[in-house]
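Pasted below: final_38.cif, mmCIF, C-alpha atoms and all ligand atoms.
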```cif
data_input
loop_
_atom_site.label_atom_id
_atom_site.label_comp_id
_atom_site.auth_asym_id
_atom_site.auth_seq_id
_atom_site.Cartn_x
_atom_site.Cartn_y
_atom_site.Cartn_z
CA MET A 1 268.20 168.32 125.54
CA ASP A 2 268.33 172.13 125.37
CA GLY A 3 268.46 174.55 122.50
CA ARG A 4 265.62 175.90 120.44
CA VAL A 5 265.56 175.29 116.71
CA ILE A 6 264.22 178.25 114.75
CA ILE A 7 262.69 177.48 111.36
CA VAL A 8 262.23 180.25 108.82
CA GLY A 9 259.31 179.40 106.53
CA GLY A 10 256.09 177.50 107.22
CA GLY A 11 255.79 175.75 103.87
CA PRO A 12 255.68 171.96 103.66
CA VAL A 13 259.40 171.58 104.39
CA GLY A 14 259.59 173.91 107.39
CA LEU A 15 256.46 172.47 108.98
CA VAL A 16 257.48 168.84 108.54
CA ALA A 17 260.88 169.67 110.06
CA ALA A 18 259.12 171.38 112.98
CA LEU A 19 256.81 168.46 113.64
CA LYS A 20 259.67 165.96 113.49
CA LEU A 21 261.66 168.03 116.01
CA ALA A 22 258.67 168.63 118.29
CA ARG A 23 258.01 164.88 118.38
CA ALA A 24 261.63 164.37 119.47
CA GLY A 25 261.10 166.77 122.38
CA VAL A 26 262.97 169.70 120.82
CA SER A 27 261.72 173.21 121.41
CA VAL A 28 260.92 174.68 118.00
CA THR A 29 259.62 177.96 116.56
CA VAL A 30 258.44 178.40 112.97
CA LEU A 31 258.38 181.97 111.65
CA GLU A 32 256.09 182.25 108.62
CA ARG A 33 255.70 185.49 106.68
CA ALA A 34 252.16 184.80 105.45
CA THR A 35 249.40 185.71 107.87
CA GLU A 36 247.65 182.39 107.30
CA MET A 37 248.28 179.01 105.70
CA HIS A 38 248.93 179.24 101.95
CA ALA A 39 245.95 178.08 99.89
CA GLU A 40 247.70 177.69 96.52
CA PRO A 41 247.75 174.07 95.35
CA ARG A 42 251.30 174.05 93.78
CA ALA A 43 252.69 170.53 94.35
CA SER A 44 250.27 167.68 93.84
CA THR A 45 252.40 164.52 93.61
CA PHE A 46 253.63 162.71 96.72
CA HIS A 47 256.02 159.86 95.97
CA ALA A 48 256.42 156.60 97.89
CA PRO A 49 259.49 157.36 100.06
CA THR A 50 257.96 160.66 101.16
CA LEU A 51 254.73 158.89 102.12
CA GLU A 52 256.74 156.38 104.12
CA LEU A 53 258.54 159.17 105.98
CA LEU A 54 255.35 161.14 106.61
CA ASP A 55 253.74 157.98 107.93
CA THR A 56 256.24 158.03 110.82
CA LEU A 57 254.57 161.34 111.79
CA GLY A 58 251.07 159.90 111.34
CA LEU A 59 250.32 162.18 108.37
CA THR A 60 250.14 159.78 105.42
CA GLU A 61 246.72 158.27 106.07
CA LYS A 62 245.32 161.79 106.43
CA LEU A 63 246.83 162.81 103.09
CA ILE A 64 245.57 159.65 101.39
CA ALA A 65 242.07 160.47 102.66
CA LEU A 66 242.34 164.00 101.22
CA GLY A 67 243.97 163.02 97.91
CA ARG A 68 243.67 160.42 95.20
CA ALA A 69 246.05 157.51 94.58
CA ALA A 70 247.32 157.05 91.02
CA PRO A 71 248.75 153.52 90.68
CA GLN A 72 249.16 154.02 86.91
CA TRP A 73 250.34 157.06 84.97
CA GLN A 74 251.04 157.70 81.34
CA TYR A 75 252.59 159.63 78.49
CA ARG A 76 249.86 159.84 75.84
CA VAL A 77 249.43 161.26 72.35
CA PHE A 78 246.22 163.26 72.37
CA GLU A 79 245.32 162.77 68.71
CA THR A 80 245.97 159.00 68.48
CA GLY A 81 245.56 157.75 72.06
CA ASP A 82 248.91 155.95 71.66
CA ALA A 83 250.41 155.73 75.18
CA ALA A 84 253.17 154.42 77.42
CA VAL A 85 251.51 153.40 80.69
CA PHE A 86 253.61 153.04 83.84
CA ASP A 87 252.29 150.72 86.52
CA MET A 88 253.43 151.30 90.08
CA THR A 89 251.94 148.00 91.26
CA LEU A 90 255.01 146.39 89.64
CA ILE A 91 257.08 147.72 92.56
CA ALA A 92 254.61 146.78 95.30
CA ASP A 93 257.39 144.65 96.81
CA GLU A 94 259.55 147.79 97.24
CA THR A 95 257.15 150.12 99.04
CA ARG A 96 253.98 150.13 101.09
CA TYR A 97 252.73 152.92 98.81
CA PRO A 98 252.89 151.69 95.18
CA PHE A 99 251.23 154.75 93.71
CA ARG A 100 251.66 158.48 93.19
CA LEU A 101 249.41 160.26 95.66
CA GLN A 102 247.82 163.29 94.01
CA CYS A 103 247.08 165.71 96.83
CA GLU A 104 247.62 169.48 96.97
CA GLN A 105 250.60 170.61 99.05
CA PHE A 106 248.30 172.86 101.11
CA ASN A 107 246.88 169.65 102.59
CA LEU A 108 250.29 168.74 103.99
CA VAL A 109 250.64 172.26 105.38
CA LYS A 110 247.19 171.97 106.98
CA VAL A 111 247.68 168.58 108.65
CA ALA A 112 251.18 169.54 109.86
CA VAL A 113 249.94 172.84 111.37
CA GLU A 114 247.04 171.03 113.05
CA ALA A 115 249.43 168.51 114.59
CA LEU A 116 251.82 171.26 115.74
CA ASN A 117 248.98 173.31 117.24
CA ARG A 118 247.94 170.25 119.23
CA GLU A 119 251.36 169.08 120.30
CA ALA A 120 253.45 172.25 120.46
CA PRO A 121 250.98 175.13 120.83
CA GLY A 122 252.45 178.47 119.80
CA ALA A 123 255.26 176.88 117.79
CA VAL A 124 254.04 178.31 114.49
CA ILE A 125 253.92 182.10 114.27
CA PHE A 126 252.12 183.42 111.19
CA GLY A 127 252.67 186.97 109.96
CA ALA A 128 256.32 186.82 111.09
CA GLU A 129 258.71 187.98 108.37
CA VAL A 130 262.37 187.33 109.02
CA THR A 131 264.42 190.37 108.07
CA ASP A 132 267.85 189.55 109.47
CA ILE A 133 269.89 186.71 110.90
CA SER A 134 273.26 186.45 112.59
CA GLN A 135 275.19 183.72 114.36
CA THR A 136 278.03 183.17 116.79
CA ALA A 137 279.80 179.94 117.68
CA ASP A 138 277.08 179.28 120.29
CA GLU A 139 273.79 180.56 118.92
CA VAL A 140 271.74 182.07 116.11
CA ARG A 141 269.75 185.26 116.30
CA VAL A 142 266.80 186.09 114.12
CA THR A 143 265.15 189.47 113.66
CA PHE A 144 261.58 189.48 112.40
CA THR A 145 258.58 191.75 112.10
CA HIS A 146 255.29 190.70 113.61
CA ASP A 147 252.15 192.79 114.14
CA GLY A 148 254.09 195.86 112.99
CA HIS A 149 256.80 195.37 115.63
CA THR A 150 260.40 194.30 115.18
CA GLN A 151 261.33 191.43 117.46
CA SER A 152 264.22 189.03 117.87
CA LEU A 153 264.64 185.44 118.90
CA ASN A 154 267.70 183.40 119.84
CA GLY A 155 268.14 179.70 119.22
CA ALA A 156 270.74 176.99 119.00
CA TRP A 157 270.15 176.10 115.33
CA LEU A 158 268.27 177.54 112.38
CA ILE A 159 266.65 175.81 109.43
CA ALA A 160 266.10 178.02 106.39
CA ALA A 161 263.01 176.61 104.70
CA ASP A 162 262.05 179.99 103.25
CA GLY A 163 261.65 178.90 99.66
CA ALA A 164 263.23 179.75 96.32
CA ALA A 165 263.99 183.39 97.10
CA SER A 166 265.39 182.49 100.54
CA ALA A 167 266.37 185.65 102.43
CA VAL A 168 268.51 183.51 104.77
CA ARG A 169 270.50 182.01 101.89
CA THR A 170 271.03 185.48 100.42
CA LYS A 171 272.09 186.93 103.77
CA LEU A 172 274.62 184.11 104.22
CA GLY A 173 276.04 184.80 100.75
CA ILE A 174 275.55 181.19 99.67
CA SER A 175 275.57 180.85 95.88
CA PHE A 176 272.50 179.57 94.03
CA GLU A 177 273.90 178.64 90.65
CA GLY A 178 271.86 177.38 87.75
CA SER A 179 269.46 178.62 85.13
CA THR A 180 265.86 179.55 84.46
CA TYR A 181 263.88 177.33 82.09
CA PRO A 182 262.76 179.04 78.86
CA GLN A 183 259.16 178.07 79.52
CA VAL A 184 256.95 178.93 82.48
CA SER A 185 254.51 176.60 84.17
CA PHE A 186 250.88 177.67 83.89
CA THR A 187 248.61 175.59 86.12
CA VAL A 188 244.84 175.75 86.32
CA GLY A 189 242.37 173.73 88.39
CA THR A 190 238.77 172.86 87.67
CA THR A 191 236.17 170.70 89.38
CA PHE A 192 234.72 169.76 85.96
CA PRO A 193 234.81 165.90 85.66
CA LEU A 194 237.24 165.66 82.74
CA HIS A 195 237.44 161.87 83.25
CA GLU A 196 233.79 161.56 82.19
CA HIS A 197 234.47 163.31 78.87
CA MET A 198 237.99 162.29 77.80
CA ASN A 199 238.95 158.76 76.83
CA GLY A 200 241.70 156.79 78.52
CA LEU A 201 242.54 159.22 81.33
CA LEU A 202 244.56 158.01 84.33
CA GLY A 203 245.23 159.95 87.53
CA VAL A 204 248.48 161.36 86.07
CA ASN A 205 248.76 162.10 82.33
CA TYR A 206 251.50 163.75 80.30
CA PHE A 207 249.93 164.63 76.97
CA TRP A 208 251.66 165.35 73.70
CA SER A 209 249.53 167.05 71.05
CA ASP A 210 249.81 169.01 67.83
CA PHE A 211 248.94 172.12 69.82
CA GLY A 212 251.55 171.61 72.54
CA PRO A 213 252.11 169.39 75.57
CA TRP A 214 250.29 169.53 78.89
CA GLY A 215 250.10 167.63 82.16
CA GLN A 216 246.74 166.60 83.60
CA PHE A 217 246.43 165.41 87.19
CA ARG A 218 243.43 164.35 89.25
CA THR A 219 243.60 165.17 92.97
CA GLY A 220 240.92 164.62 95.59
CA LEU A 221 239.51 168.07 94.85
CA MET A 222 240.01 168.91 91.20
CA TRP A 223 241.57 168.24 87.85
CA ARG A 224 244.76 170.21 87.43
CA VAL A 225 245.94 171.02 83.94
CA GLY A 226 249.37 172.55 83.39
CA TRP A 227 251.07 173.76 80.25
CA SER A 228 254.22 175.70 79.47
CA PRO A 229 254.04 178.92 77.46
CA PRO A 230 257.47 180.32 76.53
CA LEU A 231 258.83 182.77 79.10
CA ASP A 232 259.19 185.49 76.44
CA SER A 233 255.54 185.12 75.34
CA ILE A 234 254.11 186.02 78.73
CA ASN A 235 251.82 189.01 78.51
CA GLU A 236 248.34 189.86 79.67
CA ASP A 237 246.77 188.13 76.65
CA ILE A 238 248.28 184.75 77.39
CA LEU A 239 246.98 184.94 80.95
CA SER A 240 243.52 186.14 79.99
CA ASP A 241 240.44 184.11 80.80
CA ASP A 242 239.63 183.86 77.06
CA VAL A 243 242.96 182.24 76.24
CA VAL A 244 242.75 179.84 79.21
CA GLN A 245 239.18 178.86 78.33
CA ALA A 246 240.12 178.33 74.68
CA LYS A 247 243.03 176.10 75.67
CA LEU A 248 240.85 173.97 77.96
CA ALA A 249 238.12 173.78 75.31
CA LYS A 250 240.65 172.31 72.86
CA ILE A 251 241.52 169.64 75.41
CA CYS A 252 237.89 168.88 76.30
CA PRO A 253 235.13 170.97 74.69
CA ALA A 254 232.46 169.49 77.00
CA GLY A 255 233.45 171.61 80.00
CA ALA A 256 233.56 175.04 78.34
CA PRO A 257 233.31 177.59 79.76
CA TYR A 258 235.29 176.09 82.61
CA ASP A 259 234.72 176.84 86.24
CA LEU A 260 238.29 177.63 87.32
CA ILE A 261 239.15 177.32 90.97
CA THR A 262 242.81 178.18 90.53
CA ALA A 263 245.02 179.59 87.76
CA ARG A 264 248.64 180.44 88.43
CA LEU A 265 251.84 181.06 86.58
CA TYR A 266 255.24 179.94 87.88
CA ARG A 267 258.74 180.55 86.62
CA THR A 268 260.75 177.34 86.75
CA HIS A 269 264.44 176.99 87.51
CA ARG A 270 267.23 174.49 87.93
CA ARG A 271 269.41 175.84 90.74
CA ILE A 272 271.48 174.49 93.60
CA ALA A 273 272.95 176.09 96.73
CA GLY A 274 276.75 175.94 96.94
CA THR A 275 276.48 174.41 100.40
CA PHE A 276 273.46 173.37 102.46
CA THR A 277 274.95 174.45 105.80
CA GLN A 278 276.92 177.32 107.25
CA GLY A 279 277.75 177.25 110.96
CA ARG A 280 274.51 176.80 112.89
CA ILE A 281 272.28 177.35 109.88
CA ALA A 282 271.07 174.73 107.37
CA LEU A 283 269.08 175.19 104.17
CA ALA A 284 266.31 172.77 103.19
CA GLY A 285 263.75 172.43 100.39
CA ASP A 286 263.42 175.11 97.72
CA ALA A 287 265.83 177.34 99.64
CA ALA A 288 268.52 174.76 98.80
CA HIS A 289 267.50 173.42 95.38
CA LEU A 290 265.08 174.00 92.52
CA ASN A 291 264.12 171.73 89.65
CA SER A 292 261.61 171.50 86.83
CA PRO A 293 258.19 170.50 88.18
CA THR A 294 257.85 167.68 85.59
CA GLY A 295 257.66 164.48 87.60
CA GLY A 296 256.69 166.10 90.90
CA PHE A 297 259.98 166.05 92.80
CA GLY A 298 260.65 169.43 94.47
CA MET A 299 258.50 169.16 97.58
CA ASN A 300 259.29 165.44 97.89
CA GLY A 301 263.01 166.21 97.86
CA GLY A 302 262.45 169.00 100.38
CA VAL A 303 260.50 166.80 102.79
CA GLN A 304 263.28 164.21 102.52
CA ASP A 305 265.79 166.98 103.38
CA ALA A 306 263.68 167.85 106.43
CA PHE A 307 263.76 164.29 107.76
CA ASN A 308 267.46 163.86 107.11
CA LEU A 309 268.41 167.20 108.69
CA THR A 310 266.18 166.99 111.76
CA GLY A 311 267.42 163.45 112.51
CA LYS A 312 270.95 164.86 112.60
CA LEU A 313 269.97 167.92 114.66
CA VAL A 314 268.41 165.66 117.29
CA GLU A 315 271.69 163.69 117.47
CA ILE A 316 273.62 166.96 117.81
CA LEU A 317 271.30 168.25 120.55
CA ASN A 318 271.91 164.94 122.31
CA GLY A 319 275.65 165.59 122.29
CA ALA A 320 276.97 164.39 118.92
CA LYS A 321 279.60 166.51 117.16
CA ALA A 322 277.86 168.91 114.81
CA GLU A 323 280.25 169.49 111.94
CA PRO A 324 280.60 165.94 110.59
CA LEU A 325 276.83 165.41 110.75
CA LEU A 326 276.00 168.68 109.00
CA ASP A 327 278.66 168.05 106.34
CA ARG A 328 277.07 164.67 105.76
CA TYR A 329 273.67 166.33 105.40
CA THR A 330 275.06 168.49 102.58
CA ARG A 331 276.74 165.50 100.92
CA GLN A 332 273.64 163.35 101.09
CA ARG A 333 270.92 165.80 100.16
CA ARG A 334 272.92 167.90 97.67
CA SER A 335 273.77 164.72 95.81
CA ALA A 336 270.08 163.67 95.79
CA ALA A 337 269.13 167.10 94.44
CA VAL A 338 271.78 167.26 91.71
CA ASP A 339 272.32 163.65 90.65
CA ASP A 340 268.74 162.42 90.86
CA ILE A 341 266.07 165.09 91.26
CA GLN A 342 267.43 167.76 88.91
CA SER A 343 268.73 165.33 86.36
CA THR A 344 265.58 163.16 86.17
CA SER A 345 263.20 166.13 86.17
CA ASP A 346 265.28 167.82 83.46
CA THR A 347 265.06 164.69 81.27
CA ASN A 348 261.30 164.59 81.89
CA TYR A 349 260.99 168.32 81.10
CA ARG A 350 262.85 168.05 77.78
CA ARG A 351 261.07 164.89 76.68
CA HIS A 352 257.64 166.28 77.43
CA ARG A 353 258.29 169.59 75.67
CA GLU A 354 259.84 168.10 72.53
CA LYS A 355 258.39 170.00 69.56
CA ASP A 356 259.58 167.80 66.69
CA PRO A 357 256.80 165.21 66.04
CA ALA A 358 259.34 162.62 64.83
CA LYS A 359 261.40 162.99 68.03
CA ARG A 360 258.22 162.82 70.12
CA LEU A 361 257.27 159.57 68.42
CA GLU A 362 260.77 158.24 69.08
CA ALA A 363 260.45 159.23 72.76
CA LEU A 364 257.10 157.46 72.98
CA LYS A 365 258.55 154.31 71.38
CA ASP A 366 261.44 154.41 73.89
CA LEU A 367 259.00 154.70 76.79
CA GLN A 368 256.84 151.90 75.39
CA ALA A 369 259.95 149.72 75.10
CA ILE A 370 260.62 150.39 78.79
CA THR A 371 257.09 149.45 79.84
CA ALA A 372 257.27 146.27 77.73
CA ASP A 373 260.32 145.02 79.65
CA ARG A 374 259.56 144.16 83.30
CA ASP A 375 263.07 144.85 84.63
CA ARG A 376 263.46 148.16 82.79
CA HIS A 377 259.94 149.15 83.80
CA ARG A 378 260.71 148.48 87.47
CA ALA A 379 264.02 150.37 87.26
CA TYR A 380 262.28 153.34 85.64
CA LEU A 381 259.63 153.40 88.38
CA LEU A 382 262.23 153.17 91.14
CA ASP A 383 263.97 156.22 89.64
CA ASN A 384 260.83 158.23 88.94
CA ALA A 385 259.27 157.53 92.34
CA LEU A 386 262.54 158.80 93.95
CA ILE A 387 262.98 155.44 95.69
CA ASN A 388 266.47 154.94 94.26
CA SER A 389 267.35 158.55 95.00
CA TYR A 390 266.32 158.27 98.64
CA ARG A 391 268.18 154.98 99.13
CA ARG A 392 271.32 156.27 97.40
CA SER A 393 271.44 159.48 99.42
CA GLU A 394 270.90 157.68 102.75
CA ALA A 395 273.82 155.38 101.91
CA ILE A 396 276.28 158.25 101.32
CA PRO A 397 278.74 158.23 104.26
C1 LIG B 401 253.49 174.32 89.18
C2 LIG B 401 254.27 173.57 90.20
C3 LIG B 401 253.95 172.25 90.45
C4 LIG B 401 254.70 171.53 91.39
N1 LIG B 401 254.37 170.23 91.60
C5 LIG B 401 255.10 169.51 92.46
C6 LIG B 401 254.74 168.17 92.74
O1 LIG B 401 253.76 167.65 92.20
N2 LIG B 401 255.49 167.47 93.63
C7 LIG B 401 256.58 168.03 94.25
O2 LIG B 401 257.25 167.34 95.01
N3 LIG B 401 256.91 169.33 94.05
C8 LIG B 401 256.20 170.08 93.18
N4 LIG B 401 256.48 171.40 93.01
C9 LIG B 401 257.53 172.03 93.83
C10 LIG B 401 257.00 172.40 95.23
O3 LIG B 401 255.89 173.24 95.12
C11 LIG B 401 258.10 173.06 96.06
O4 LIG B 401 259.26 172.29 95.94
C12 LIG B 401 257.69 173.21 97.53
O5 LIG B 401 256.72 174.20 97.70
C13 LIG B 401 258.90 173.56 98.39
O6 LIG B 401 258.50 173.69 99.73
P1 LIG B 401 259.31 174.64 100.73
O7 LIG B 401 258.64 174.49 102.04
O8 LIG B 401 260.76 174.39 100.59
O9 LIG B 401 259.11 176.11 100.14
P2 LIG B 401 257.77 176.96 100.00
O10 LIG B 401 256.61 176.08 99.76
O11 LIG B 401 258.07 178.02 99.00
O12 LIG B 401 257.58 177.61 101.44
C14 LIG B 401 258.45 178.63 101.89
C15 LIG B 401 257.72 179.40 102.96
O13 LIG B 401 258.60 180.37 103.51
C16 LIG B 401 257.87 181.57 103.71
N5 LIG B 401 258.86 182.67 103.74
C17 LIG B 401 259.60 183.12 102.70
N6 LIG B 401 260.42 184.13 103.09
C18 LIG B 401 260.18 184.30 104.43
C19 LIG B 401 260.71 185.18 105.41
N7 LIG B 401 261.65 186.10 105.12
N8 LIG B 401 260.25 185.08 106.68
C20 LIG B 401 259.30 184.15 107.02
N9 LIG B 401 258.77 183.30 106.11
C21 LIG B 401 259.21 183.37 104.84
C22 LIG B 401 256.89 181.63 102.57
O14 LIG B 401 255.78 182.45 102.84
C23 LIG B 401 256.51 180.16 102.44
O15 LIG B 401 255.39 179.81 103.20
C24 LIG B 401 255.77 172.15 92.07
C25 LIG B 401 256.07 173.49 91.84
C26 LIG B 401 255.34 174.20 90.91
C27 LIG B 401 255.68 175.62 90.67
#
```

Mind turning this structure into structure tokens?
Amino acid sequence: MDGRVIIVGGGPVGLVAALKLARAGVSVTVLERATEMHAEPRASTFHAPTLELLDTLGLTEKLIALGRAAPQWQYRVFETGDAAVFDMTLIADETRYPFRLQCEQFNLVKVAVEALNREAPGAVIFGAEVTDISQTADEVRVTFTHDGHTQSLNGAWLIAADGAASAVRTKLGISFEGSTYPQVSFTVGTTFPLHEHMNGLLGVNYFWSDFGPWGQFRTGLMWRVGWSPPLDSINEDILSDDVVQAKLAKICPAGAPYDLITARLYRTHRRIAGTFTQGRIALAGDAAHLNSPTGGFGMNGGVQDAFNLTGKLVEILNGAKAEPLLDRYTRQRRSAAVDDIQSTSDTNYRRHREKDPAKRLEALKDLQAITADRDRHRAYLLDNALINSYRRSEAIP
């Protein structure tokens, strides 16, 4: 097999793609703009199909050791404790991983880089910012800056895993239609043991309260608490330590003042690339699709793209015709992004941010009715763990 695959972006998607290709004997180079591995937690939920895929690379047990499994998760009313509890053990016959693994995405980056450094030394180049790309019928060419010098690299194929603001997607002129959500995502992390001071907590909690909704997730390292101030309310005040501390003190006074180990603000979008491939270049992960973070789907969808795409690239490098396979990649993974990931996360987003107390109560009753009915409960879990999405997309011809 000959032909290097160049990957732009050393986030979770680019690195998983690189490791999958390296394991198949493909020569691979990852160009990552950052000078070292990102340390921001961002994604924390790994869903079952992603864990099954990562297990084929020997990464899942490592992630489980670094994270925390959440077999149950809930929507809960803060003031009353009334809750709808979802129980992943109900679908233990459908997956080897009947839980949501709560583990920061930097852990996936770390274990993937370690594996690549061992198995394909030199494959990951940090501090390499891609500034231009071009392609002919036979090859791709990438221009990047590294150590203050402009360099170029040729390859047979290119994977653009360069995130939401993908320079490759922009350069190719591929549309990225959609909208920006009216609320931002503000996520903080603390090592304070919230579970020792709040009743009824599970590993994953979506709270409704009279003072706004929030998500609360327990990873191996910290409790992460995320809430959603309106986009147009963002100013220095809302980001100030005083406001953050006051918010956390309302949730759990026992920890105040909180020792914060991370606090970050993210804009959230629902967007989709017009096509996932153009010639010898394919988009994957956030470069191809964005969704609301509610439910924890973006990275999972991206890792699933990486497996799907690299499987096809290996076939192509072994002599299969490229166009039908790459068209199928777009059909399969674009459909997963639009029909499942965006649509389910959007429903989750709207439900969790419902302001009308009567409608919130109705939503809770609906969720409780689902959990009370075994078949509906299982169906809900299969959708919200992306198991149905993964199966549906793989079956698309
Ligand atoms: C608050 C929040 C919570 C989330 N929680 C979850 C969750 O629980 N579960 C989940 O599945 N998803 C979650 N997500 C989404 C998840 O973080 C993203 O989907 C994921 O990071 C996408 O990975 P990626 O590799 O495609 O892109 P990125 O992680 O953005 O990586 C892209 C990489 O490309 C590099 N790069 C960019 N431009 C260039 C260039 N020109 N040259 C070289 N390198 C470049 C960047 O430095 C970066 O390292 C969450 C998102 C947010 C904001």

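Within the 10 Å cut-off around A:Gly155, using all atoms listed in the file and omitting residues fewer than 3 positions from it on the same chain, the listed residues are Asp2, Gly3, Arg4, Val5, Ile6, Ile7, Ser27, Val28, Thr29, Gln135, Asp138, Glu139, Val140, Arg141, Val142, Leu158 and Arg280 of chain A.
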
Original post:
With distances taken over only C-alpha atoms and all ligand atoms, which of A:Ile174, A:Met88, A:Ala156, A:Ala48 is nearest to ligand LIG 401 (chain B)?
Top reply: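 The shortest atom-to-atom distance to ligand LIG 401 (chain B) comes from A:Ala48.
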
What are the closest atom pairs, with distances in Å to one decimal, for all residues of chain A lying within 6 Å of ligand LIG 401 (chain B)? Consider only C-alpha atoms and all ligand atoms, order rows by chain and residue number, and present the result as a tab-separated table.
```
residue	atom	partner	partner_atom	distance
A:Val8	CA	B:LIG401	C20	5.2
A:Gly9	CA	B:LIG401	O13	3.3
A:Gly10	CA	B:LIG401	O15	4.7
A:Gly11	CA	B:LIG401	O12	3.5
A:Pro12	CA	B:LIG401	O7	4.2
A:Val13	CA	B:LIG401	O7	3.8
A:Gly14	CA	B:LIG401	O7	5.5
A:Leu31	CA	B:LIG401	C20	5.2
A:Glu32	CA	B:LIG401	N9	3.8
A:Arg33	CA	B:LIG401	N9	3.8
A:Ala34	CA	B:LIG401	O14	5.0
A:Arg42	CA	B:LIG401	C3	4.6
A:Ala43	CA	B:LIG401	C5	3.2
A:Ser44	CA	B:LIG401	O1	3.9
A:Thr45	CA	B:LIG401	O1	3.7
A:Phe46	CA	B:LIG401	N2	6.0
A:Ala128	CA	B:LIG401	C20	5.7
A:Glu129	CA	B:LIG401	N8	3.7
A:Val130	CA	B:LIG401	N8	3.9
A:Thr131	CA	B:LIG401	N7	5.9
A:Ala161	CA	B:LIG401	O8	5.2
A:Asp162	CA	B:LIG401	O13	3.5
A:Gly163	CA	B:LIG401	O11	3.7
A:Ser166	CA	B:LIG401	N6	5.8
A:Ala167	CA	B:LIG401	N7	5.5
A:Ser185	CA	B:LIG401	C1	5.6
A:Thr187	CA	B:LIG401	C1	5.9
A:Tyr266	CA	B:LIG401	C27	5.2
A:Gly285	CA	B:LIG401	O8	3.6
A:Asp286	CA	B:LIG401	O8	4.0
A:Ala287	CA	B:LIG401	O8	5.9
A:Pro293	CA	B:LIG401	C4	4.9
A:Gly296	CA	B:LIG401	N2	3.3
A:Phe297	CA	B:LIG401	O2	3.7
A:Gly298	CA	B:LIG401	O4	3.5
A:Met299	CA	B:LIG401	O2	3.4
A:Asn300	CA	B:LIG401	O2	4.0
A:Gly302	CA	B:LIG401	O8	5.7
```

Original post:
Using all atoms listed in the file, which residue out of A:Val26, A:Ala70, A:Ile125, A:Leu15 lies closest to A:Ala112?
Top reply: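 Between A:Val26, A:Ala70, A:Ile125, A:Leu15, the residue approaching A:Ala112 most closely is A:Leu15.
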
**OP:** Using all atoms listed in the file, pick whichever of A:Arg350, A:Tyr181, A:Phe207, A:His377 has the shortest atom-to-atom distance to A:Pro229.
**Re:**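 Of all the options, A:Tyr181 lies closest to A:Pro229.
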
**OP:** Select, counting only C-alpha atoms, all protein, DNA and RNA residues no farther than 8 Å from (262.9, 190.9, 113.8) in file coordinates, and express the selection as a list in words.
**Re:**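 So the residues meeting the distance criterion are Glu129, Val130, Thr131, Asp132, Val142, Thr143, Phe144, Thr145, His146, His149, Thr150, Gln151, Ser152 and Leu153 of chain A.
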
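For the choices A:Ser345, A:Thr310, A:Asn318, A:Ser393, the atom-to-atom distance to A:Arg333 is smallest for A:Ser393 when using all atoms listed in the file.
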
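Restricting the calculation to all atoms listed in the file, the smallest distance between A:Ala22 and any of A:Leu367, A:Val314, A:Ala165, A:Met37 is found for A:Val314.
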
Original post:
How far is it from atom CA of A:Trp208 to atom CA of A:Ala84, in Å with one decimal?
Top reply: 11.6 Å

Original post:
What separation in Å, quoted to one decimal, exists between atom CA of A:Trp73 and atom CA of A:Ala246?
Top reply: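 Going from atom CA of A:Trp73 over to atom CA of A:Ala246 covers 25.7 Å.
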
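Across the model, the gap from atom CA of A:Gly200 to atom CA of A:Trp223 is 14.8 Å.
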
**OP:** Might you pull out every residue within 8 Å of A:Leu194, with only C-alpha atoms counted and same-chain residues fewer than 4 positions away left off, and present them as a ChimeraX atom specification?
**Re:** /A:198,223,252,255

Original post:
Which neighbours of A:Ala273 fall inside 10 Å, counting all atoms listed in the file, when residues of the same chain fewer than 5 positions from it are skipped, and could you give them as an MDAnalysis selection string?
Top reply: chainID A and resid 169 174:178 283:284 286:290 330 334
